[in-house]
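coords-v9.txt (compact mmCIF, C-alpha atoms and all ligand atoms) appears below.
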```
# COMPACT_ATOMS: atom_id res chain seq x y z
CA MET G 1 -9.71 -25.55 3.17
CA ALA G 2 -7.52 -23.44 0.89
CA SER G 3 -4.53 -21.96 2.69
CA GLY G 4 -5.33 -18.36 1.82
CA PHE G 5 -8.72 -18.72 3.28
CA SER G 6 -7.80 -19.75 6.76
CA ARG G 7 -5.61 -16.79 7.65
CA VAL G 8 -6.68 -13.55 9.18
CA SER G 9 -6.90 -10.92 6.51
CA LEU G 10 -7.85 -7.46 7.52
CA SER G 11 -6.50 -4.11 6.52
CA LEU G 12 -9.24 -3.08 4.14
CA GLY G 13 -10.96 -4.05 7.30
CA LEU G 14 -12.02 -1.58 9.82
CA GLY G 15 -11.66 1.04 7.14
CA ALA G 16 -14.33 -0.37 4.95
CA PHE G 17 -16.52 -0.56 8.02
CA LEU G 18 -15.93 2.96 9.13
CA ALA G 19 -15.10 4.77 5.96
CA LEU G 20 -17.15 3.06 3.38
CA SER G 21 -17.93 5.97 1.17
CA GLY G 22 -21.27 4.57 0.10
CA VAL G 23 -22.21 4.14 3.71
CA ALA G 24 -21.06 7.61 4.63
CA ALA G 25 -22.93 9.15 1.75
CA ALA G 26 -26.06 7.27 2.61
CA ALA G 27 -25.81 8.41 6.19
CA ASP G 28 -25.38 12.01 5.16
CA GLU G 29 -28.14 12.03 2.63
CA ALA G 30 -30.73 9.76 4.11
CA GLY G 31 -29.73 9.33 7.75
CA SER G 32 -29.28 5.64 7.28
CA THR G 33 -26.03 3.79 6.89
CA GLY G 34 -27.03 0.20 6.50
CA LYS G 35 -26.45 -3.00 8.35
CA LEU G 36 -23.44 -4.72 9.75
CA VAL G 37 -23.60 -8.34 8.74
CA ARG G 38 -21.64 -11.50 9.24
CA PHE G 39 -21.06 -14.17 6.61
CA ARG G 40 -19.93 -17.67 7.25
CA PHE G 41 -18.44 -19.22 4.13
CA THR G 42 -18.22 -22.77 3.03
CA GLU G 43 -15.79 -22.11 0.19
CA PRO G 44 -13.22 -19.40 -0.64
CA ALA G 45 -14.94 -18.34 -3.86
CA GLN G 46 -17.78 -16.96 -1.78
CA LEU G 47 -15.43 -14.42 -0.24
CA ASP G 48 -14.49 -13.19 -3.70
CA ALA G 49 -18.20 -13.01 -4.55
CA LEU G 50 -18.73 -10.88 -1.45
CA ASN G 51 -15.77 -8.62 -2.24
CA THR G 52 -16.86 -7.97 -5.77
CA SER G 53 -20.62 -7.90 -5.26
CA GLY G 54 -20.89 -4.13 -4.95
CA LEU G 55 -23.58 -4.79 -2.34
CA TYR G 56 -21.29 -5.15 0.62
CA GLU G 57 -18.11 -3.64 1.91
CA VAL G 58 -15.96 -6.18 3.69
CA VAL G 59 -14.80 -5.08 7.12
CA GLU G 60 -12.80 -7.99 8.36
CA VAL G 61 -12.15 -11.58 7.44
CA LYS G 62 -11.17 -14.17 10.00
CA GLY G 63 -11.03 -17.82 9.10
CA ASP G 64 -14.29 -18.68 7.43
CA THR G 65 -16.13 -15.61 8.73
CA ALA G 66 -16.39 -12.14 7.23
CA ILE G 67 -17.97 -9.04 8.65
CA ALA G 68 -19.34 -6.64 6.06
CA ILE G 69 -21.58 -3.65 5.67
CA LYS G 70 -24.65 -3.87 3.54
CA SER G 71 -25.06 -0.40 2.23
CA PRO G 72 -28.34 0.86 0.83
CA ALA G 73 -26.45 3.37 -1.35
CA ALA G 74 -24.19 0.69 -2.80
CA SER G 75 -27.13 -1.64 -3.39
CA ARG G 76 -29.01 1.03 -5.31
CA ALA G 77 -26.04 1.64 -7.61
CA VAL G 78 -25.66 -2.00 -8.64
CA SER G 79 -27.55 -3.47 -11.57
CA ALA G 80 -30.43 -5.83 -10.88
CA LYS G 81 -28.51 -8.60 -12.62
CA ARG G 82 -25.53 -8.21 -10.32
CA VAL G 83 -27.73 -8.03 -7.26
CA ALA G 84 -29.33 -11.29 -8.28
CA LEU G 85 -25.98 -12.93 -8.97
CA ALA G 86 -24.43 -11.81 -5.69
CA GLU G 87 -27.48 -12.86 -3.74
CA ALA G 88 -27.42 -16.27 -5.38
CA ASN G 89 -23.73 -16.72 -4.50
CA LEU G 90 -24.16 -15.55 -0.96
CA LEU G 91 -27.55 -17.03 -0.28
CA GLY G 92 -28.12 -18.14 3.28
CA LEU G 93 -24.71 -17.03 4.54
CA GLU G 94 -25.65 -13.67 6.03
CA THR G 95 -26.46 -12.90 9.66
CA VAL G 96 -27.41 -9.32 10.50
CA LEU G 97 -25.44 -8.08 13.49
CA GLU G 98 -26.54 -4.48 13.96
CA ASP G 99 -27.20 -1.07 12.47
CA VAL G 100 -23.99 0.87 12.01
CA ASP G 101 -25.05 4.50 12.40
CA ASP G 102 -23.83 4.75 15.97
CA GLN G 103 -20.46 3.28 15.18
CA LEU G 104 -19.81 5.56 12.25
CA ALA G 105 -20.66 8.76 14.08
CA PRO G 106 -17.37 9.34 15.93
CA PHE G 107 -15.43 9.13 12.70
CA ARG G 108 -17.28 11.84 10.88
CA ALA G 109 -15.70 14.67 12.81
CA ALA G 110 -12.34 16.05 11.70
CA GLY G 111 -9.70 14.91 14.13
CA ASN G 112 -6.58 16.44 15.54
CA VAL G 113 -3.66 15.00 13.59
CA GLY G 114 -1.34 14.97 16.60
CA ALA G 115 2.22 14.00 15.72
CA TYR G 116 1.34 12.82 12.21
CA HIS G 117 2.46 14.58 9.07
CA THR G 118 -0.01 16.78 7.33
CA TYR G 119 0.77 17.46 3.69
CA ALA G 120 2.02 20.95 4.59
CA LYS G 121 4.26 19.62 7.32
CA ALA G 122 5.63 17.02 4.91
CA LEU G 123 6.52 19.65 2.32
CA ALA G 124 8.20 21.80 4.95
CA GLU G 125 10.21 18.89 6.29
CA LEU G 126 11.38 17.78 2.85
CA ALA G 127 12.39 21.36 2.05
CA GLU G 128 14.30 21.61 5.30
CA LEU G 129 16.13 18.33 4.74
CA THR G 130 17.06 19.10 1.13
CA ALA G 131 18.44 22.45 2.29
CA LYS G 132 20.41 20.79 5.08
CA TYR G 133 21.86 17.97 2.94
CA PRO G 134 22.25 19.50 -0.53
CA ASN G 135 24.92 17.00 -1.56
CA LEU G 136 22.83 13.97 -0.73
CA LEU G 137 19.26 14.94 -1.32
CA LYS G 138 17.28 16.51 -4.16
CA SER G 139 13.54 16.94 -4.31
CA GLU G 140 11.39 16.44 -7.34
CA SER G 141 7.68 16.61 -8.00
CA ILE G 142 6.84 13.46 -9.94
CA GLY G 143 3.41 14.78 -10.89
CA LYS G 144 0.36 16.47 -9.48
CA SER G 145 -2.84 15.28 -7.88
CA HIS G 146 -6.24 16.31 -9.17
CA GLY G 147 -6.30 18.96 -6.44
CA GLY G 148 -3.05 20.41 -7.82
CA ARG G 149 -0.84 19.12 -5.04
CA ASP G 150 2.66 18.03 -5.92
CA LEU G 151 3.53 14.38 -5.53
CA LEU G 152 6.79 15.31 -3.91
CA ALA G 153 9.63 12.82 -3.91
CA VAL G 154 13.20 13.06 -2.73
CA ARG G 155 16.13 11.38 -4.37
CA LEU G 156 18.91 10.30 -2.06
CA THR G 157 22.34 9.09 -3.06
CA GLY G 158 25.86 9.38 -1.67
CA SER G 159 28.90 10.94 -3.23
CA ALA G 160 30.79 7.70 -3.92
CA GLY G 161 30.48 5.94 -7.24
CA LEU G 162 28.99 6.83 -10.57
CA GLU G 163 25.36 7.69 -10.27
CA ALA G 164 24.52 6.28 -13.67
CA GLU G 165 25.72 2.88 -12.50
CA LYS G 166 23.72 2.72 -9.32
CA PRO G 167 20.56 0.66 -9.09
CA LYS G 168 17.49 2.66 -8.13
CA VAL G 169 14.77 1.83 -5.67
CA LEU G 170 11.44 3.42 -4.86
CA ILE G 171 9.92 3.57 -1.38
CA PHE G 172 6.54 5.19 -0.94
CA GLY G 173 3.72 5.65 1.54
CA LEU G 174 0.23 6.96 1.97
CA MET G 175 -1.50 5.77 -1.14
CA HIS G 176 -4.58 5.18 0.99
CA ALA G 177 -5.71 8.36 2.66
CA ARG G 178 -6.55 7.02 6.11
CA GLU G 179 -3.35 5.00 6.51
CA TRP G 180 -1.48 7.84 8.18
CA ILE G 181 1.19 5.64 9.73
CA SER G 182 2.34 4.68 6.23
CA ALA G 183 3.73 8.20 5.61
CA GLU G 184 5.72 8.13 8.82
CA LEU G 185 8.08 5.31 7.92
CA PRO G 186 9.51 7.06 4.81
CA PHE G 187 10.29 10.10 6.96
CA TYR G 188 11.81 8.00 9.71
CA LEU G 189 13.93 6.13 7.19
CA LEU G 190 15.03 9.32 5.48
CA ARG G 191 16.09 10.90 8.75
CA HIS G 192 17.91 7.73 9.74
CA LEU G 193 19.84 7.54 6.46
CA LEU G 194 20.77 11.21 6.49
CA ALA G 195 21.82 11.29 10.13
CA ASN G 196 23.97 8.16 9.86
CA TYR G 197 25.55 8.58 6.43
CA GLY G 198 29.31 8.64 6.84
CA LYS G 199 29.01 7.26 10.38
CA ASP G 200 27.31 3.89 10.16
CA PRO G 201 28.98 1.66 7.52
CA GLY G 202 25.71 -0.12 6.65
CA VAL G 203 23.91 3.16 6.02
CA THR G 204 26.85 4.60 4.10
CA LYS G 205 27.05 1.55 1.85
CA VAL G 206 23.36 1.68 1.08
CA VAL G 207 23.31 5.39 0.37
CA ASP G 208 26.48 5.25 -1.73
CA ASN G 209 25.45 2.24 -3.75
CA LEU G 210 21.83 3.05 -4.51
CA VAL G 211 19.73 5.90 -5.75
CA ILE G 212 16.82 5.90 -3.31
CA TYR G 213 13.60 7.62 -4.26
CA LEU G 214 11.27 8.31 -1.35
CA LEU G 215 7.73 9.47 -1.87
CA PRO G 216 6.16 9.72 1.58
CA ILE G 217 2.71 10.88 0.45
CA SER G 218 1.35 9.33 -2.74
CA ASN G 219 -2.20 10.56 -2.30
CA PRO G 220 -2.04 14.11 -0.90
CA ASP G 221 -5.64 15.04 -1.74
CA GLY G 222 -6.91 11.98 0.08
CA LEU G 223 -4.71 12.68 3.10
CA GLU G 224 -5.92 16.24 3.31
CA TYR G 225 -9.52 15.08 3.19
CA SER G 226 -8.91 12.37 5.76
CA GLN G 227 -7.32 14.87 8.12
CA THR G 228 -9.90 17.61 7.73
CA ASN G 229 -13.22 16.03 6.78
CA TYR G 230 -13.58 12.32 7.12
CA LYS G 231 -10.85 10.46 8.87
CA MET G 232 -11.53 7.10 7.33
CA TRP G 233 -11.45 8.22 3.69
CA ARG G 234 -9.37 5.82 1.56
CA LYS G 235 -9.39 6.90 -2.08
CA ASN G 236 -8.07 9.95 -3.89
CA ARG G 237 -10.45 12.88 -4.47
CA SER G 238 -10.80 13.00 -8.23
CA PRO G 239 -14.31 13.72 -9.49
CA GLN G 240 -15.95 10.71 -11.08
CA GLN G 241 -19.23 10.16 -12.77
CA GLY G 242 -21.67 9.76 -9.88
CA GLY G 243 -19.25 10.36 -7.04
CA ILE G 244 -15.76 11.16 -5.87
CA GLY G 245 -12.56 9.23 -5.65
CA VAL G 246 -10.71 6.25 -7.04
CA ASP G 247 -8.79 3.69 -5.04
CA VAL G 248 -5.38 4.39 -6.57
CA ASN G 249 -4.27 0.91 -5.53
CA ARG G 250 -6.90 -0.58 -7.83
CA ASN G 251 -6.11 1.70 -10.79
CA PHE G 252 -2.85 0.16 -12.07
CA PRO G 253 -2.92 -1.97 -15.22
CA ILE G 254 -1.95 -5.45 -14.05
CA GLY G 255 -5.02 -7.28 -12.79
CA PHE G 256 -7.21 -4.21 -13.24
CA GLY G 257 -10.76 -5.22 -12.37
CA MET G 258 -9.93 -8.09 -10.01
CA GLY G 259 -11.09 -7.66 -6.43
CA SER G 260 -12.28 -4.13 -6.96
CA SER G 261 -15.55 -2.39 -7.59
CA ASP G 262 -17.01 -0.59 -10.58
CA ASN G 263 -19.31 1.30 -8.24
CA VAL G 264 -18.03 4.81 -7.59
CA GLY G 265 -19.58 4.72 -4.12
CA SER G 266 -17.28 1.91 -3.13
CA ASP G 267 -14.08 2.36 -1.20
CA ILE G 268 -12.37 0.08 -3.68
CA TYR G 269 -13.66 1.80 -6.81
CA ARG G 270 -11.09 1.03 -9.50
CA GLY G 271 -11.79 4.02 -11.74
CA PRO G 272 -13.15 3.98 -15.29
CA SER G 273 -9.97 2.55 -16.84
CA PRO G 274 -6.41 1.58 -15.89
CA LYS G 275 -4.23 4.63 -15.29
CA SER G 276 -7.22 6.95 -15.30
CA GLU G 277 -5.71 8.69 -12.26
CA LEU G 278 -2.95 11.27 -12.20
CA GLU G 279 -1.23 9.50 -9.32
CA THR G 280 -1.15 6.21 -11.24
CA ARG G 281 0.28 7.90 -14.31
CA ALA G 282 2.91 9.70 -12.28
CA PHE G 283 4.13 6.41 -10.80
CA CYS G 284 4.22 4.67 -14.17
CA SER G 285 6.11 7.52 -15.83
CA LEU G 286 8.60 7.56 -13.00
CA PHE G 287 9.12 3.80 -13.35
CA GLU G 288 9.58 4.11 -17.10
CA ARG G 289 12.21 6.76 -16.58
CA GLU G 290 14.07 5.34 -13.60
CA LYS G 291 13.71 1.58 -14.12
CA PHE G 292 13.70 0.81 -10.42
CA ILE G 293 15.09 -2.57 -9.47
CA ALA G 294 12.91 -2.80 -6.36
CA SER G 295 9.97 -1.04 -4.80
CA LEU G 296 8.50 -0.98 -1.33
CA SER G 297 5.13 0.45 -0.49
CA PHE G 298 3.82 1.10 2.98
CA HIS G 299 0.17 0.60 3.84
CA SER G 300 -1.64 -0.16 7.06
CA TYR G 301 -2.61 -2.33 8.74
CA SER G 302 -2.18 -6.00 9.71
CA GLU G 303 1.56 -6.58 10.22
CA LEU G 304 2.09 -8.30 6.89
CA ILE G 305 4.82 -8.37 4.25
CA LEU G 306 3.11 -8.88 0.92
CA TYR G 307 4.40 -9.73 -2.52
CA PRO G 308 2.92 -10.59 -5.94
CA TRP G 309 0.60 -11.73 -7.14
CA GLY G 310 -2.28 -9.85 -5.69
CA TYR G 311 -4.49 -10.25 -8.71
CA ASP G 312 -4.18 -14.01 -9.09
CA ARG G 313 -3.81 -16.96 -6.77
CA ALA G 314 -1.34 -18.57 -9.19
CA LEU G 315 2.33 -18.43 -8.24
CA PRO G 316 4.37 -15.71 -9.98
CA PRO G 317 7.46 -16.69 -12.00
CA ASP G 318 9.87 -15.75 -9.22
CA SER G 319 7.75 -17.06 -6.42
CA ALA G 320 10.56 -18.84 -4.59
CA GLU G 321 12.80 -15.79 -4.64
CA LEU G 322 10.01 -13.40 -3.71
CA THR G 323 9.17 -15.67 -0.82
CA LYS G 324 12.77 -15.96 0.41
CA ARG G 325 13.24 -12.22 0.44
CA GLY G 326 9.85 -11.66 2.06
CA GLN G 327 10.61 -14.20 4.75
CA ALA G 328 14.03 -12.72 5.44
CA MET G 329 12.54 -9.27 5.96
CA ALA G 330 9.75 -10.70 8.06
CA LYS G 331 12.28 -12.24 10.42
CA LEU G 332 13.39 -8.73 11.22
CA ASN G 333 10.04 -7.11 11.93
CA GLY G 334 8.07 -10.11 13.10
CA TYR G 335 5.43 -9.65 10.41
CA THR G 336 3.74 -12.42 8.48
CA PRO G 337 5.06 -12.74 4.93
CA GLY G 338 3.06 -14.08 2.02
CA GLN G 339 1.69 -13.77 -1.46
CA VAL G 340 -1.10 -11.20 -1.36
CA SER G 341 -3.77 -13.35 -2.99
CA ARG G 342 -3.03 -16.23 -0.66
CA ILE G 343 -2.74 -14.55 2.71
CA LEU G 344 -4.93 -11.48 2.25
CA TYR G 345 -7.36 -11.40 -0.66
CA THR G 346 -7.33 -11.34 -4.43
CA ALA G 347 -7.03 -7.75 -5.55
CA GLY G 348 -5.56 -6.47 -8.79
CA GLY G 349 -4.75 -3.03 -10.10
CA ALA G 350 -2.30 -2.46 -7.25
CA THR G 351 1.18 -1.01 -7.52
CA ASP G 352 3.10 -4.15 -6.62
CA ASP G 353 1.80 -6.39 -9.42
CA THR G 354 2.38 -3.74 -12.08
CA PHE G 355 5.81 -2.78 -10.80
CA TYR G 356 6.82 -6.43 -10.73
CA LYS G 357 5.24 -7.63 -13.95
CA THR G 358 5.50 -4.63 -16.23
CA TYR G 359 8.63 -3.00 -14.92
CA GLY G 360 10.55 -5.96 -13.56
CA ALA G 361 11.06 -4.69 -10.02
CA TRP G 362 11.10 -6.77 -6.85
CA SER G 363 7.97 -5.36 -5.27
CA TYR G 364 6.91 -5.56 -1.68
CA THR G 365 4.14 -4.07 0.40
CA PHE G 366 4.31 -3.74 4.17
CA GLU G 367 1.02 -3.52 6.04
CA LEU G 368 2.19 -1.61 9.09
CA GLY G 369 0.93 -1.94 12.61
CA GLN G 370 -2.49 -2.79 13.92
CA GLN G 371 -4.42 0.39 13.19
CA PHE G 372 -4.70 2.90 10.38
CA VAL G 373 -3.81 5.71 12.77
CA PRO G 374 -2.05 4.32 15.81
CA PRO G 375 -1.71 6.61 18.83
CA ASP G 376 1.15 9.11 18.55
CA SER G 377 3.16 7.13 21.06
CA GLN G 378 3.18 4.16 18.67
CA ILE G 379 4.64 5.99 15.67
CA GLU G 380 8.24 5.69 16.69
CA PRO G 381 8.06 2.08 17.92
CA ILE G 382 6.40 0.99 14.68
CA CYS G 383 9.04 2.76 12.60
CA LYS G 384 11.84 1.35 14.74
CA GLN G 385 10.45 -2.16 14.49
CA ASN G 386 10.43 -1.93 10.70
CA LEU G 387 13.73 -0.18 10.10
CA PRO G 388 15.94 -3.32 10.00
CA ALA G 389 13.59 -4.97 7.48
CA VAL G 390 13.67 -1.85 5.31
CA MET G 391 17.47 -1.72 5.56
CA LEU G 392 17.57 -5.32 4.40
CA PHE G 393 15.28 -4.43 1.51
CA LEU G 394 17.80 -1.74 0.52
CA LYS G 395 20.86 -3.92 0.98
CA THR G 396 19.30 -6.66 -1.08
CA ALA G 397 18.63 -4.23 -3.92
CA ILE G 398 22.28 -3.38 -4.31
CA ASP G 399 23.52 -6.45 -6.03
CA THR G 400 20.67 -8.33 -7.51
CA SER G 401 19.51 -9.22 -10.95
CA ARG G 402 16.01 -8.44 -12.06
CA PRO G 403 13.13 -10.81 -11.65
CA SER G 404 12.32 -12.77 -14.76
CA THR G 405 9.48 -10.41 -15.55
CA GLY G 406 9.56 -6.94 -17.02
CA ILE G 407 12.11 -4.91 -18.90
CA SER G 408 15.42 -6.29 -20.09
CA LEU G 409 18.51 -6.27 -18.00
CA ALA G 410 20.59 -4.58 -20.65
CA ASP G 411 20.65 -1.26 -18.86
CA ARG G 412 21.15 -2.73 -15.42
CA PRO G 413 24.71 -2.09 -14.25
CA LYS G 414 26.63 -4.70 -12.34
CA ILE G 415 28.06 -3.41 -9.12
CA SER G 416 30.71 -4.84 -6.89
CA ASN G 417 29.42 -7.47 -4.55
CA PHE G 418 27.99 -6.25 -1.28
CA PHE G 419 25.57 -7.98 1.04
CA SER G 420 23.94 -11.17 0.02
CA LEU G 421 20.60 -11.57 1.69
CA TYR G 422 21.19 -15.26 2.10
CA ASP G 423 24.53 -14.82 3.76
CA ILE G 424 22.95 -12.64 6.38
CA TYR G 425 19.72 -14.52 6.87
CA PRO G 426 19.97 -18.05 5.58
CA LEU G 427 16.62 -19.73 5.31
CA LYS G 428 16.03 -23.16 6.66
O1 LIG K 1 -5.85 -3.75 -0.62
C1 LIG K 1 -4.86 -3.02 -0.74
O2 LIG K 1 -4.75 -2.16 -1.60
C2 LIG K 1 -3.71 -3.19 0.25
N1 LIG K 1 -4.24 -3.39 1.58
S1 LIG K 1 -4.97 -2.13 2.33
O3 LIG K 1 -5.67 -2.64 3.45
N2 LIG K 1 -3.85 -1.16 2.89
O4 LIG K 1 -5.80 -1.45 1.42
C3 LIG K 1 -2.90 -4.41 -0.11
C4 LIG K 1 -2.37 -4.39 -1.49
C5 LIG K 1 -1.62 -5.63 -1.78
N3 LIG K 1 -1.29 -5.81 -3.15
C6 LIG K 1 -2.18 -6.23 -4.09
N4 LIG K 1 -3.42 -6.43 -3.82
N5 LIG K 1 -1.69 -6.44 -5.28
ZN ZN K 2 -3.63 0.65 1.93
```

Go ahead and express the file in the form of C-alpha cells.
Amino acid sequence: MASGFSRVSLSLGLGAFLALSGVAAAADEAGSTGKLVRFRFTEPAQLDALNTSGLYEVVEVKGDTAIAIKSPAASRAVSAKRVALAEANLLGLETVLEDVDDQLAPFRAAGNVGAYHTYAKALAELAELTAKYPNLLKSESIGKSHGGRDLLAVRLTGSAGLEAEKPKVLIFGLMHAREWISAELPFYLLRHLLANYGKDPGVTKVVDNLVIYLLPISNPDGLEYSQTNYKMWRKNRSPQQGGIGVDVNRNFPIGFGMGSSDNVGSDIYRGPSPKSELETRAFCSLFEREKFIASLSFHSYSELILYPWGYDRALPPDSAELTKRGQAMAKLNGYTPGQVSRILYTAGGATDDTFYKTYGAWSYTFELGQQFVPPDSQIEPICKQNLPAVMLFLKTAIDTSRPSTGISLADRPKISNFFSLYDIYPLK
C-alpha cells in the first residue's frame, strides 16, 4: 500500500461533513441533506476519484476507509459524463451509513465566538499594538476582500541593522473561514515577540534580523460569515456563477485544478481561474513586492506540519531540505511532518506550492490542533505548544539561501551567521 494512503488524513474532514455548502444549500432549499457514506478502497487512486468526483464531499480518511457525504445538490450540478465516470471508479465501494440532517442541524445556528477573534476585534487589537509599539510595528492593508474588508497585515522589525538587508518572512492564518484557531497563533506570536523584544535574546535576534509580516486573517468575509451565519463555512464569500464562495486555498496558480472541484456548491470549489480571487491576488502581489524567503500558514486541524508538493506526489527539488526543516519543527510541537500529497491528500492551487515554486520561499503549513474551533480553554495551550516550532521557523529564515525554485538570489542579502537549524536540532 502506498505510504500516503495508510496515514490518517483529516482536516478537510469534519468540515466537509458539517459545512459542505452543497449539503447546506440542499438542506435549506429542499429539507434534505443527503447521505453519509463509507468507502473502502483497494487502491489510492480511488480516493482521488472520490475527492474530485463532485458527487461526494470527503469527511475523513483513515487507512483505507473514507467517510463522505453524498449530496443531492452536488450530484445535480455535475455532468452526466462525470457522474458516470465517478460511479465507475467508485463502483461497489460505498456503504450508506445514515442520513445527515440531524447532525448538521446544530451547526446552522450562529454561535457565540467566546475568546476567539472576530474581524473587528482583530482590527482593534492590531491598531492598539501598532500604537503601543510604533518603532517596531507598522500596519498595512495588503488588499481588500470582495466584501470590502481590509486584509490587514502588520510588519514587524527591530531597530538594529539595515532594513533593506533583512530577509522577509510571511506568517498568516485564517484562510479557511471555520478554522478559527488558525488566527489565534499569529496574535499569540505577535504579542510574544513584542513583549519580549529587548529582553529575550532569541526574540530580539529574530526581530532584529528579519522583517516579519503577519496576516492573522486572510479571509475576513469568510470568518464573518462563519461567526454569524454558518459556523462551518470554509470558503470566501465572493459571488460566483451559480453560488457563493471560492476555496482560496485552491485558487493559487501552481497545481490549480488538482484535488479541487469545479462545482461552485463544493467546499473545495477552486474558482473559475487561477487568481480569480482578490485574496489570492493580494498574496501574490505582496510576494512579488517583498520576495519572502519563507512562509508559514496556519490551518486546522490534524496536528500536521506540511510542505510541498501538495499538487503532486512527486518529490519537490528540495525535498530533503524541506523534510529536515519540517522534522526539526515537528520535534518541537509533536506534530507529524510530511509532504502534503503523501501524508494528507493531493490538492493543488494552495498557497504553499505557489509560494515555494513561483516565488522561491520555504513554505510550510501547520494544521493546528484537533478541531476547527477548539474550546476557549485550548487556545492558549495550542499556541504555547506551537510557539517553539514557529520560533525555529523564524530563526531558520535568518541565514538561509533560497530553495532551488523560484526567483533568483541576486537580491537576497547575506547576513551574519546566526542559528543553524542543524546545530540546534541535528537529525539522526
Ligand atoms: O486542504 C487544504 O487546503 C489544507 N487543509 S485544510 O483541512 N485546513 O483545508 C492543507 C493545504 C496543504 N497544502 C496543499 N494542499 N498544497
Ligand atoms: Zn484550512

Taking a cut-off of 6 Å and counting only C-alpha atoms and all ligand atoms, can you build a table that, for each residue of chain G near ligand LIG 1 (chain K), reports the nearest atom pair and how far apart they are in Å (one decimal), sorted by chain then residue number, as a tab-separated table?
```
residue	atom	partner	partner_atom	distance
G:Ser11	CA	K:LIG1	O3	3.5
G:Leu12	CA	K:LIG1	O3	3.7
G:Asn249	CA	K:LIG1	O2	5.0
G:His299	CA	K:LIG1	N2	4.5
G:Ser300	CA	K:LIG1	N2	4.8
G:Gly310	CA	K:LIG1	N5	3.5
G:Tyr311	CA	K:LIG1	N5	5.8
G:Val340	CA	K:LIG1	C5	5.6
G:Ala347	CA	K:LIG1	N4	4.2
G:Gly348	CA	K:LIG1	N5	5.2
G:Ala350	CA	K:LIG1	N5	4.5
G:Asp352	CA	K:LIG1	N5	5.5
G:Asp353	CA	K:LIG1	N5	5.4
```

Contact check, chain G to ligand ZN 2 (chain K), at most 12 Å, counting all atoms listed in the file, closest pairs as a Markdown table:
```
| residue | atom | partner | partner_atom | distance |
| --- | --- | --- | --- | --- |
| G:Leu10 | CA | K:ZN2 | ZN | 10.7 |
| G:Ser11 | CA | K:ZN2 | ZN | 7.2 |
| G:Leu12 | CA | K:ZN2 | ZN | 7.1 |
| G:Gly13 | CA | K:ZN2 | ZN | 10.2 |
| G:Leu14 | CA | K:ZN2 | ZN | 11.7 |
| G:Gly15 | CA | K:ZN2 | ZN | 9.6 |
| G:Ala16 | CA | K:ZN2 | ZN | 11.2 |
| G:Phe172 | CA | K:ZN2 | ZN | 11.5 |
| G:Gly173 | CA | K:ZN2 | ZN | 8.9 |
| G:Leu174 | CA | K:ZN2 | ZN | 7.4 |
| G:Met175 | CA | K:ZN2 | ZN | 6.3 |
| G:His176 | CA | K:ZN2 | ZN | 4.7 |
| G:Ala177 | CA | K:ZN2 | ZN | 8.0 |
| G:Arg178 | CA | K:ZN2 | ZN | 8.2 |
| G:Glu179 | CA | K:ZN2 | ZN | 6.3 |
| G:Trp180 | CA | K:ZN2 | ZN | 9.8 |
| G:Ile181 | CA | K:ZN2 | ZN | 10.4 |
| G:Ser182 | CA | K:ZN2 | ZN | 8.4 |
| G:Ala183 | CA | K:ZN2 | ZN | 11.2 |
| G:Ser218 | CA | K:ZN2 | ZN | 11.0 |
| G:Asn219 | CA | K:ZN2 | ZN | 10.9 |
| G:Gly222 | CA | K:ZN2 | ZN | 11.9 |
| G:Met232 | CA | K:ZN2 | ZN | 11.5 |
| G:Trp233 | CA | K:ZN2 | ZN | 11.0 |
| G:Arg234 | CA | K:ZN2 | ZN | 7.7 |
| G:Lys235 | CA | K:ZN2 | ZN | 9.4 |
| G:Asn236 | CA | K:ZN2 | ZN | 11.8 |
| G:Asp247 | CA | K:ZN2 | ZN | 9.2 |
| G:Val248 | CA | K:ZN2 | ZN | 9.4 |
| G:Asn249 | CA | K:ZN2 | ZN | 7.5 |
| G:Arg250 | CA | K:ZN2 | ZN | 10.4 |
| G:Asp267 | CA | K:ZN2 | ZN | 11.0 |
| G:Ile268 | CA | K:ZN2 | ZN | 10.4 |
| G:Ser297 | CA | K:ZN2 | ZN | 9.1 |
| G:Phe298 | CA | K:ZN2 | ZN | 7.5 |
| G:His299 | CA | K:ZN2 | ZN | 4.3 |
| G:Ser300 | CA | K:ZN2 | ZN | 5.6 |
| G:Tyr301 | CA | K:ZN2 | ZN | 7.5 |
| G:Ser302 | CA | K:ZN2 | ZN | 10.3 |
| G:Leu304 | CA | K:ZN2 | ZN | 11.7 |
| G:Leu306 | CA | K:ZN2 | ZN | 11.7 |
| G:Ala347 | CA | K:ZN2 | ZN | 11.8 |
| G:Ala350 | CA | K:ZN2 | ZN | 9.8 |
| G:Thr351 | CA | K:ZN2 | ZN | 10.7 |
| G:Asp352 | CA | K:ZN2 | ZN | 11.9 |
| G:Thr365 | CA | K:ZN2 | ZN | 9.2 |
| G:Phe366 | CA | K:ZN2 | ZN | 9.3 |
| G:Glu367 | CA | K:ZN2 | ZN | 7.5 |
| G:Leu368 | CA | K:ZN2 | ZN | 9.5 |
| G:Gly369 | CA | K:ZN2 | ZN | 11.9 |
| G:Gln371 | CA | K:ZN2 | ZN | 11.3 |
| G:Phe372 | CA | K:ZN2 | ZN | 8.8 |
| G:Val373 | CA | K:ZN2 | ZN | 12.0 |
```

### Task
May I ask for the distance between CA of Glu140 (chain G) and CA of Lys384 (chain G), given in Å to one decimal place?
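Going from CA of Glu140 (chain G) over to CA of Lys384 (chain G) covers 26.7 Å.
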
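The shell of residues at most 8 Å from Pro220 (chain G), with all atoms listed in the file counted and near chain neighbours (fewer than 5 positions) removed, consists of Tyr119, Ser145, Arg149, Asp150, Leu151, Ala177 and Asn236 of chain G.
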
### Task
Find the spatial neighbours of Ser363 (chain G), counting all atoms listed in the file, within a cut-off of 12 Å - ignore same-chain residues fewer than 4 positions away - and output them as a VMD selection string.
chain G and resid 169 to 172 292 to 298 305 to 310 316 318 to 319 321 to 323 325 to 326 339 to 340 350 to 359 393 to 394 397 402 to 403 405 to 406

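The gap separating CA of Thr346 (chain G) from CA of Asp312 (chain G) is 6.2 Å, in Å to one decimal.
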
### Message
If I take CA of Thr95 (chain G) and CA of Val37 (chain G), how far is one from the other in Å, to one decimal?
### Response
5.5 Å

### Long-range neighbours of region 165-167 of chain G as a count of residues only, 6 Å cut-off, all atoms listed in the file, 2 positions minimum in chain
5
